[in-house]
>>> print(open('coords.tsv').read())   # TSV, C-alpha atoms
chain	number	residue	atom	x	y	z
A	1	MET	CA	126.97	110.80	84.59
A	2	ALA	CA	126.93	114.55	84.13
A	3	GLU	CA	124.53	116.93	82.40
A	4	ASP	CA	122.35	114.19	80.96
A	5	THR	CA	118.97	114.78	79.38
A	6	VAL	CA	116.31	112.12	79.04
A	7	ASP	CA	113.48	111.92	76.52
A	8	ALA	CA	111.68	108.71	77.44
A	9	GLU	CA	108.72	107.24	79.22
A	10	VAL	CA	109.39	106.62	82.90
A	11	ASN	CA	108.59	103.48	84.80
A	12	PRO	CA	105.78	103.46	87.40
A	13	LEU	CA	107.97	104.17	90.43
A	14	GLU	CA	109.63	107.09	88.66
A	15	ALA	CA	106.26	108.50	87.64
A	16	VAL	CA	105.05	108.38	91.23
A	17	GLY	CA	108.27	109.97	92.44
A	18	GLU	CA	108.06	112.79	89.94
A	19	ALA	CA	104.47	113.58	90.95
A	20	ALA	CA	105.44	113.56	94.63
A	21	GLY	CA	108.46	115.77	94.01
A	22	ALA	CA	106.47	118.33	92.06
A	23	ALA	CA	103.83	118.53	94.78
A	24	PHE	CA	106.45	118.76	97.53
A	25	HIS	CA	108.39	121.62	95.96
A	26	GLU	CA	105.25	123.48	94.96
A	27	ALA	CA	104.00	123.32	98.55
A	28	LEU	CA	107.33	124.51	99.96
A	29	GLU	CA	107.46	127.39	97.49
A	30	GLY	CA	103.97	128.34	98.61
A	31	GLY	CA	105.15	128.67	102.20
A	32	ALA	CA	104.00	125.33	103.58
A	33	GLU	CA	105.80	123.72	106.49
A	34	PRO	CA	107.88	120.62	105.57
A	35	ALA	CA	105.36	118.24	107.12
A	36	ALA	CA	102.50	119.77	105.16
A	37	ALA	CA	104.56	119.77	101.98
A	38	PHE	CA	105.28	116.08	102.40
A	39	ALA	CA	101.60	115.39	103.03
A	40	ALA	CA	100.91	117.01	99.66
A	41	ALA	CA	103.61	114.85	98.11
A	42	ALA	CA	102.14	111.70	99.62
A	43	ALA	CA	98.68	112.60	98.31
A	44	ALA	CA	100.09	113.19	94.82
A	45	ALA	CA	101.98	109.90	94.97
A	46	THR	CA	98.84	108.02	95.98
A	47	THR	CA	96.81	109.59	93.18
A	48	THR	CA	99.45	108.83	90.56
A	49	ALA	CA	99.87	105.26	91.77
A	50	ASN	CA	96.13	104.72	91.50
A	51	GLU	CA	96.05	106.22	88.01
A	52	LEU	CA	98.85	103.89	86.91
A	53	GLY	CA	97.02	100.90	88.31
A	54	ILE	CA	99.60	100.10	90.96
A	55	SER	CA	98.02	97.88	93.58
A	56	PRO	CA	97.35	99.62	96.93
A	57	GLU	CA	98.99	96.59	98.54
A	58	ILE	CA	102.21	97.73	96.87
A	59	SER	CA	101.85	101.52	96.88
A	60	GLY	CA	100.54	101.76	100.44
A	61	PRO	CA	103.61	100.33	102.20
A	62	VAL	CA	105.89	102.28	99.86
A	63	ILE	CA	104.31	105.60	100.80
A	64	GLU	CA	104.26	104.64	104.49
A	65	ALA	CA	107.98	103.84	104.40
A	66	ALA	CA	108.67	107.18	102.73
A	67	GLN	CA	106.64	109.02	105.38
A	68	GLU	CA	108.53	107.34	108.20
A	69	ALA	CA	111.90	108.13	106.64
A	70	PHE	CA	110.91	111.76	106.07
A	71	ASP	CA	109.69	112.21	109.65
A	72	SER	CA	112.82	110.59	111.03
A	73	ALA	CA	115.12	112.78	108.96
A	74	ILE	CA	113.29	115.96	109.94
A	75	ALA	CA	113.46	114.93	113.61
A	76	ASP	CA	117.21	114.45	113.22
A	77	GLY	CA	117.60	118.02	111.93
A	78	ALA	CA	117.91	117.33	108.21
A	79	SER	CA	116.81	119.92	105.68
A	80	PRO	CA	113.46	119.46	103.92
A	81	GLN	CA	115.22	118.52	100.69
A	82	ASP	CA	117.54	116.01	102.36
A	83	SER	CA	114.56	114.57	104.21
A	84	PHE	CA	112.64	114.23	100.97
A	85	GLU	CA	115.58	112.43	99.40
A	86	ALA	CA	115.71	110.07	102.37
A	87	ALA	CA	112.02	109.41	101.84
A	88	GLY	CA	112.68	108.63	98.18
A	89	ASN	CA	115.38	106.14	99.08
A	90	ALA	CA	113.07	104.44	101.56
A	91	ALA	CA	110.33	104.28	98.94
A	92	GLY	CA	112.67	102.59	96.49
A	93	GLU	CA	113.65	99.98	99.06
A	94	ALA	CA	110.03	99.32	99.99
A	95	TYR	CA	109.02	99.02	96.33
A	96	GLY	CA	111.61	96.30	96.00
A	97	ASP	CA	112.49	94.36	92.86
A	98	PRO	CA	109.50	93.77	90.57
A	99	LEU	CA	111.49	91.13	88.74
A	100	GLU	CA	111.81	89.07	91.89
A	101	ALA	CA	108.15	89.51	92.79
A	102	ILE	CA	106.97	88.58	89.30
A	103	GLY	CA	109.29	85.59	89.19
A	104	GLU	CA	108.08	84.31	92.54
A	105	ALA	CA	104.45	84.64	91.50
A	106	ALA	CA	105.07	82.86	88.21
A	107	GLY	CA	107.10	80.11	89.88
A	108	GLU	CA	104.45	79.46	92.50
A	109	ALA	CA	101.74	79.27	89.86
A	110	PHE	CA	103.78	76.92	87.68
A	111	ASN	CA	104.69	74.56	90.50
A	112	GLU	CA	101.18	74.53	91.88
A	113	ALA	CA	99.79	73.65	88.46
A	114	LEU	CA	102.27	70.80	87.96
A	115	GLU	CA	101.64	69.45	91.44
A	116	GLY	CA	97.94	69.49	90.65
A	117	GLY	CA	98.52	67.27	87.63
A	118	ALA	CA	98.44	69.92	84.93
A	119	GLU	CA	100.12	69.35	81.60
A	120	PRO	CA	103.27	71.44	80.94
A	121	ALA	CA	101.42	73.71	78.52
A	122	ASP	CA	98.76	74.46	81.12
A	123	ALA	CA	101.41	75.02	83.78
A	124	PHE	CA	103.17	77.48	81.50
A	125	SER	CA	99.90	79.30	80.90
A	126	SER	CA	99.40	79.55	84.66
A	127	ALA	CA	102.90	80.96	85.08
A	128	ALA	CA	102.34	83.49	82.31
A	129	GLU	CA	99.04	84.59	83.82
A	130	ALA	CA	100.62	85.03	87.24
A	131	ALA	CA	103.48	87.02	85.72
A	132	SER	CA	101.04	89.25	83.88
A	133	ASP	CA	98.90	89.85	86.96
A	134	THR	CA	101.88	90.72	89.12
A	135	ALA	CA	103.33	93.02	86.47
A	136	SER	CA	99.96	94.78	86.40
A	137	ASP	CA	100.05	95.15	90.18
A	138	TYR	CA	103.34	97.00	89.77
A	139	GLY	CA	101.80	99.36	87.24
A	140	PHE	CA	103.19	97.93	84.01
A	141	PRO	CA	100.50	98.30	81.31
A	142	PRO	CA	99.20	95.40	79.23
A	143	GLU	CA	100.45	96.92	75.98
A	144	LEU	CA	104.01	96.36	77.24
A	145	VAL	CA	103.46	93.05	78.98
A	146	ASP	CA	101.13	91.15	76.67
A	147	PRO	CA	103.29	91.03	73.51
A	148	VAL	CA	106.26	89.37	75.20
A	149	ILE	CA	104.10	86.89	77.07
A	150	GLU	CA	102.32	86.05	73.82
A	151	ALA	CA	105.67	85.57	72.09
A	152	ALA	CA	106.84	83.15	74.78
A	153	GLN	CA	103.53	81.31	74.82
A	154	GLY	CA	103.62	80.89	71.05
A	155	ALA	CA	107.18	79.59	71.09
A	156	PHE	CA	106.37	77.18	73.90
A	157	ASP	CA	103.31	75.81	72.13
A	158	THR	CA	105.21	75.36	68.88
A	159	ALA	CA	108.02	73.49	70.61
A	160	ILE	CA	105.60	71.18	72.42
A	161	THR	CA	103.80	70.46	69.14
A	162	ASP	CA	107.14	69.55	67.57
A	163	GLY	CA	107.74	67.00	70.33
A	164	ALA	CA	110.14	68.96	72.52
A	165	SER	CA	110.41	68.22	76.23
A	166	PRO	CA	108.94	70.75	78.67
A	167	GLN	CA	112.45	72.07	79.39
A	168	ASP	CA	113.34	72.37	75.71
A	169	ALA	CA	110.00	74.06	75.10
A	170	PHE	CA	110.83	76.49	77.87
A	171	ASP	CA	114.19	77.21	76.27
A	172	ALA	CA	112.35	78.04	73.04
A	173	ALA	CA	110.03	80.32	74.98
A	174	GLY	CA	113.03	81.97	76.61
A	175	ASP	CA	114.60	82.59	73.22
A	176	ALA	CA	111.34	84.20	72.09
A	177	PHE	CA	111.33	86.42	75.16
A	178	ARG	CA	114.91	87.51	74.59
A	179	GLU	CA	114.11	88.32	70.99
A	180	ALA	CA	111.06	90.31	72.09
A	181	VAL	CA	112.88	92.38	74.71
A	182	GLY	CA	116.22	92.66	72.87
A	183	GLU	CA	119.71	92.26	74.22
A	184	GLY	CA	121.73	94.50	71.89
A	185	GLU	CA	124.28	97.03	73.10
A	186	GLY	CA	125.54	100.07	71.23
A	187	GLU	CA	124.81	103.67	70.36
A	188	GLY	CA	121.60	103.17	68.44
A	189	GLY	CA	118.57	100.91	68.72
A	190	ASP	CA	115.93	99.93	66.24
A	191	GLY	CA	112.35	99.05	67.07
A	192	GLY	CA	112.99	96.65	69.94
A	193	ALA	CA	114.06	96.83	73.55
A	194	ASP	CA	117.70	97.88	73.61
A	195	ALA	CA	120.46	98.15	76.21
A	196	LEU	CA	122.59	101.14	75.24
A	197	ASP	CA	125.79	102.01	77.15
A	198	GLY	CA	127.79	104.99	76.00
A	199	GLY	CA	130.73	104.60	78.36
A	200	ASP	CA	132.92	107.64	79.05
A	201	GLY	CA	132.65	110.76	76.95
A	202	ALA	CA	129.82	112.79	75.45
A	203	ASP	CA	127.35	110.38	73.90
A	204	THR	CA	124.03	110.48	72.10
A	205	LEU	CA	122.05	107.30	72.76
A	206	ASP	CA	118.79	106.80	70.88
A	207	GLY	CA	116.90	103.65	71.73
A	208	GLY	CA	114.15	104.04	69.17
A	209	ALA	CA	110.79	102.46	69.86
A	210	GLY	CA	110.59	99.80	72.55
A	211	ALA	CA	111.64	99.39	76.17
A	212	ASP	CA	115.25	100.51	76.46
A	213	ALA	CA	117.95	100.72	79.12
A	214	LEU	CA	120.07	103.81	78.49
A	215	ASP	CA	123.34	104.34	80.36
A	216	GLY	CA	125.43	107.27	79.19
A	217	GLY	CA	128.33	106.63	81.54
A	218	ALA	CA	130.61	109.55	82.42
A	219	GLY	CA	130.35	112.72	80.37
A	220	ALA	CA	127.62	114.95	78.99
A	221	ASP	CA	125.12	112.65	77.35
A	222	ALA	CA	121.82	112.96	75.52
A	223	LEU	CA	119.58	109.95	76.13
A	224	ASP	CA	116.57	109.47	73.88
A	225	GLY	CA	114.58	106.37	74.65
A	226	GLY	CA	111.98	106.92	71.96
A	227	ALA	CA	108.57	105.34	72.34
A	228	GLY	CA	108.22	102.66	75.01
A	229	ALA	CA	109.04	102.21	78.68
A	230	ASP	CA	112.70	103.11	79.14
A	231	THR	CA	115.23	102.89	81.96
A	232	PRO	CA	117.77	105.76	82.04
A	233	ASP	CA	121.13	105.06	83.70
A	234	GLY	CA	120.31	101.46	84.51
A	235	GLY	CA	117.71	102.47	87.10
A	236	GLU	CA	114.57	100.49	87.77
A	237	VAL	CA	113.72	97.15	86.24
A	238	ASN	CA	112.75	97.07	82.57
A	239	PRO	CA	109.16	95.77	82.70
A	240	LEU	CA	109.53	93.64	79.59
A	241	GLU	CA	112.67	91.98	80.91
A	242	ALA	CA	110.98	91.50	84.28
A	243	VAL	CA	108.03	89.67	82.79
A	244	GLY	CA	110.20	87.63	80.46
A	245	GLU	CA	112.58	86.46	83.14
A	246	ALA	CA	109.64	85.80	85.48
A	247	ALA	CA	108.15	83.23	83.15
A	248	GLY	CA	111.58	81.70	82.84
A	249	ALA	CA	111.88	81.46	86.61
A	250	ALA	CA	108.70	79.40	86.65
A	251	PHE	CA	110.35	76.68	84.63
A	252	HIS	CA	113.77	76.77	86.25
A	253	GLU	CA	112.28	76.54	89.74
A	254	ALA	CA	110.04	73.61	88.79
>>> encode(input="coords.tsv", output="structure tokens")
Amino acid sequence: MAEDTVDAEVNPLEAVGEAAGAAFHEALEGGAEPAAAFAAAAAAATTTANELGISPEISGPVIEAAQEAFDSAIADGASPQDSFEAAGNAAGEAYGDPLEAIGEAAGEAFNEALEGGAEPADAFSSAAEAASDTASDYGFPPELVDPVIEAAQGAFDTAITDGASPQDAFDAAGDAFREAVGEGEGEGGDGGADALDGGDGADTLDGGAGADALDGGAGADALDGGAGADTPDGGEVNPLEAVGEAAGAAFHEA
């Protein structure tokens, strides 16, 4: 994708990366040695991660991996900028896939509840709570996470009341999640979470309010995510989709 502009909220990892990058370049422009500039970047990353509520158990190893990659690249003769990019790649790998982490937490909670004799509704509540807690550890705020979990919980409860099996109730909850996060594709979104792919050419993609995935494809594109947590160019995991699929994983793994 070429010459793209993005007007959207960034996800937690991107926010940390932007803070680190700003500190790194500011230090270099001020005459700092690369090692000192990266130390400033690491400090900025730590501060931003804490402000976003990212668990130190997650942010700590990420920053350590970035530091090791930076030091290794510098030792190998790479430029400060190339070394910083290597650090960013290492950070992304260490951060991992929030979707997988949330799904594992939800699945473990669900199975543990069932094995302990819990009713399906209680097991689902345990899975939802685990998904919410893990999403919070990754820095996704409650205002994004809670509505989709509440939608799934409501659909599950309604299905159970109507006599559905636990699996059918889960399917209803999954439908509610998909409706909450959106699965549309096109050049314009409404108030939900949209997946917009412009393909080749010069595109204007406006996701509107909600958590959107914006991919302009090749060409000069203008990407406007609107309000909500958005993912430009198919980057990091959409937090709403992560939480929704996590709760689903709890049932499928049971």
>>> residues_around(input="coords.tsv", residues="stretch 136-146 of chain A", least_positions_apart="4", cutoff="6 Å", atoms="all atoms listed in the file", output="NGL selection string")
:A and (12 or 52-55 or 150)
>>> axis_aligned_box(input="coords.tsv", around="stretch 79-92 of chain A", padding_each_side="4 Å", output="JSON")
{"center_x": 113.9, "center_y": 111.3, "center_z": 101.1, "size_x": 15.2, "size_y": 25.3, "size_z": 17.2}
>>> closest_residue(input="coords.tsv", among="A:Gly107, A:Gly96, A:Gly88, A:Pro61", to="A:Ala20", atoms="only C-alpha atoms")
A:Gly88
>>> atom_distance(input="coords.tsv", atom1="atom CA of A:Ile160", atom2="atom CA of A:Ala130")
20.9 Å
>>> atom_distance(input="coords.tsv", atom1="atom CA of A:Ser59", atom2="atom CA of A:Asn89")
14.5 Å
>>> residues_around(input="coords.tsv", residues="A:Thr134", least_positions_apart="6", cutoff="8 Å", atoms="only C-alpha atoms", output="number ranges by chain")
A: 101-102, 105
>>> write_last_selection(input="coords.tsv", atoms="C-alpha atoms", output="short mmCIF file (atom, residue, chain, number, x, y, z; two decimals), in the frame of the given file")
data_model
loop_
_atom_site.label_atom_id
_atom_site.label_comp_id
_atom_site.auth_asym_id
_atom_site.auth_seq_id
_atom_site.Cartn_x
_atom_site.Cartn_y
_atom_site.Cartn_z
CA ALA A 101 108.15 89.51 92.79
CA ILE A 102 106.97 88.58 89.30
CA ALA A 105 104.45 84.64 91.50
#
>>> closest_residue(input="coords.tsv", among="A:Ala164, A:Ala94, A:Leu28, A:Ala151", to="A:Ala176", atoms="only C-alpha atoms")
A:Ala151
>>> closest_residue(input="coords.tsv", among="A:Pro98, A:Pro56, A:Pro80, A:Gly17", to="A:Ala35", atoms="only C-alpha atoms")
A:Pro80
>>> closest_residue(input="coords.tsv", among="A:Ile149, A:Val16, A:Phe156, A:Gly31", to="A:Asp122", atoms="only C-alpha atoms")
A:Phe156
>>> atom_distance(input="coords.tsv", atom1="atom CA of A:Asp157", atom2="atom CA of A:Ala169")
7.5 Å
>>> closest_residue(input="coords.tsv", among="A:Ser79, A:Ala90, A:Val148, A:Ala173", to="A:Ala121", atoms="only C-alpha atoms")
A:Ala173
>>> closest_residue(input="coords.tsv", among="A:Asp133, A:Glu115, A:Asp97, A:Asp175", to="A:Leu13", atoms="only C-alpha atoms")
A:Asp97
>>> residues_around(input="coords.tsv", residues="stretch 21-23 of chain A", least_positions_apart="4", cutoff="9 Å", atoms="all atoms listed in the file", output="PyMOL selection string")
chain A and resi 16-17+27-28+37-38+40-45+84
>>> write_last_selection(input="coords.tsv", atoms="C-alpha atoms", output="mmCIF file, in the coordinates of the input")
data_model
loop_
_atom_site.group_PDB
_atom_site.id
_atom_site.type_symbol
_atom_site.label_atom_id
_atom_site.label_comp_id
_atom_site.auth_asym_id
_atom_site.auth_seq_id
_atom_site.Cartn_x
_atom_site.Cartn_y
_atom_site.Cartn_z
ATOM 1 C CA VAL A 16 105.050 108.380 91.230
ATOM 2 C CA GLY A 17 108.270 109.970 92.440
ATOM 3 C CA ALA A 27 104.000 123.320 98.550
ATOM 4 C CA LEU A 28 107.330 124.510 99.960
ATOM 5 C CA ALA A 37 104.560 119.770 101.980
ATOM 6 C CA PHE A 38 105.280 116.080 102.400
ATOM 7 C CA ALA A 40 100.910 117.010 99.660
ATOM 8 C CA ALA A 41 103.610 114.850 98.110
ATOM 9 C CA ALA A 42 102.140 111.700 99.620
ATOM 10 C CA ALA A 43 98.680 112.600 98.310
ATOM 11 C CA ALA A 44 100.090 113.190 94.820
ATOM 12 C CA ALA A 45 101.980 109.900 94.970
ATOM 13 C CA PHE A 84 112.640 114.230 100.970
#
